[in-house]
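The block underneath contains the structure these notes are about, expressed in structure tokens.
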Amino acid sequence: MPETTVRRTRVVIAKPGLDGHDRGAKVVARALRDAGLEVIYTGLRQSPEQIVAAAAQEDADVIGLSILSGAHLPICRRVLELLRQQGMESVRVFVGGIIPAQDIAELKQLGVADVFLPGASTQDVVRAIEAPTTARSGA
């Protein structure tokens, strides 16, 4: 009987914008890798266009954005717009970083799957990414 290969979830971790602090992104990338997910880290100072291009090239299931600069709303809006333009609506987007509580609802309305604030458990991030995709409310 032929052996069946199960495709591991592919996650692109990106640091958009000019923020040069990537320790959190690297910690999350390592936790995801340790949990058995396939992780592609794009590095610092990525544009939304570069992030979506990497996700397309890597056939990613998930994009994780680490944003500390305060530009989370325009960056997420643009990433999600580009995903729609590329026919990649099934790619889930997660955001972590310094996100004011009052912006979380708007991010989710835009289509962000989940938002992780400083101090979030890496296990919570792993569980959220491994969770089956469900229909987005309001999207």
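Within each chain, counting starts at residue 1; across the structure tokens, chains are named A, B, ... in the order shown, with ligands numbered 1 upward in that order.
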Would you list, as a ChimeraX atom specification, the residues of segment 53-102 of chain A that end up in alpha helix (DSSP H) under DSSP run on this structure's backbone? /A:53-57,72-85,101-102
Pairwise distance for atom CA of Gln57 of chain A and atom CA of Gly20 of chain A, rounded to one decimal in Å: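 These two atoms are separated by 24.2 Å.
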Enumerate, as a list in words, the complete set of residues in chain A that a backbone-based DSSP assignment places in strand (DSSP E).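 Residues of chain A classed as strand (DSSP E): Arg10, Val11, Val12, Ile13, Ala14, Glu38, Val39, Ile40, Tyr41, Val62, Ile63, Gly64, Leu65, Ser66, Ile67, Arg92, Val93, Phe94, Val95, Gly96, Gly97, Asp114, Val115 and Phe116 of chain A.
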Restricting it to C-alpha atoms, dump the selection as a compact mmCIF listing (two decimals), in the first residue's frame.
# COMPACT_ATOMS: atom_id res chain seq x y z
CA ARG A 10 2.94 26.45 5.46
CA VAL A 11 3.30 29.76 7.30
CA VAL A 12 4.98 32.91 6.02
CA ILE A 13 6.16 35.11 8.90
CA ALA A 14 6.85 38.70 7.87
CA GLU A 38 6.62 24.64 7.80
CA VAL A 39 7.78 28.23 8.37
CA ILE A 40 9.21 30.73 5.91
CA TYR A 41 10.59 33.90 7.54
CA VAL A 62 -1.09 31.37 6.57
CA ILE A 63 0.62 34.75 6.78
CA GLY A 64 1.77 35.95 10.18
CA LEU A 65 2.56 39.66 10.43
CA SER A 66 4.59 41.11 13.29
CA ILE A 67 3.89 44.83 13.55
CA ARG A 92 -5.41 33.26 6.68
CA VAL A 93 -3.71 36.35 8.10
CA PHE A 94 -2.66 36.63 11.74
CA VAL A 95 -1.18 39.73 13.35
CA GLY A 96 0.98 40.09 16.42
CA GLY A 97 2.60 43.04 18.08
CA ASP A 114 -6.67 36.65 14.94
CA VAL A 115 -4.58 39.24 16.77
CA PHE A 116 -1.92 38.38 19.34
Identify which of the residues A:Lys108, A:Arg23, A:Arg84, A:Arg8 lies closest to His72 of chain A, counting only C-alpha atoms when measuring atom-to-atom distances. A:Lys108
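One distance worth recording is that between atom CA of Pro16 of chain A and atom CA of Ser47 of chain A, which is 5.6 Å.
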Which residue gives the smallest distance to Ala56 of chain A among A:Leu44, A:Met88, A:Ala131, A:Leu73, with only C-alpha atoms counted? A:Met88
Report the distance between atom CA of Val28 of chain A and atom CA of Arg77 of chain A in Å, rounded to one decimal place. 22.3 Å
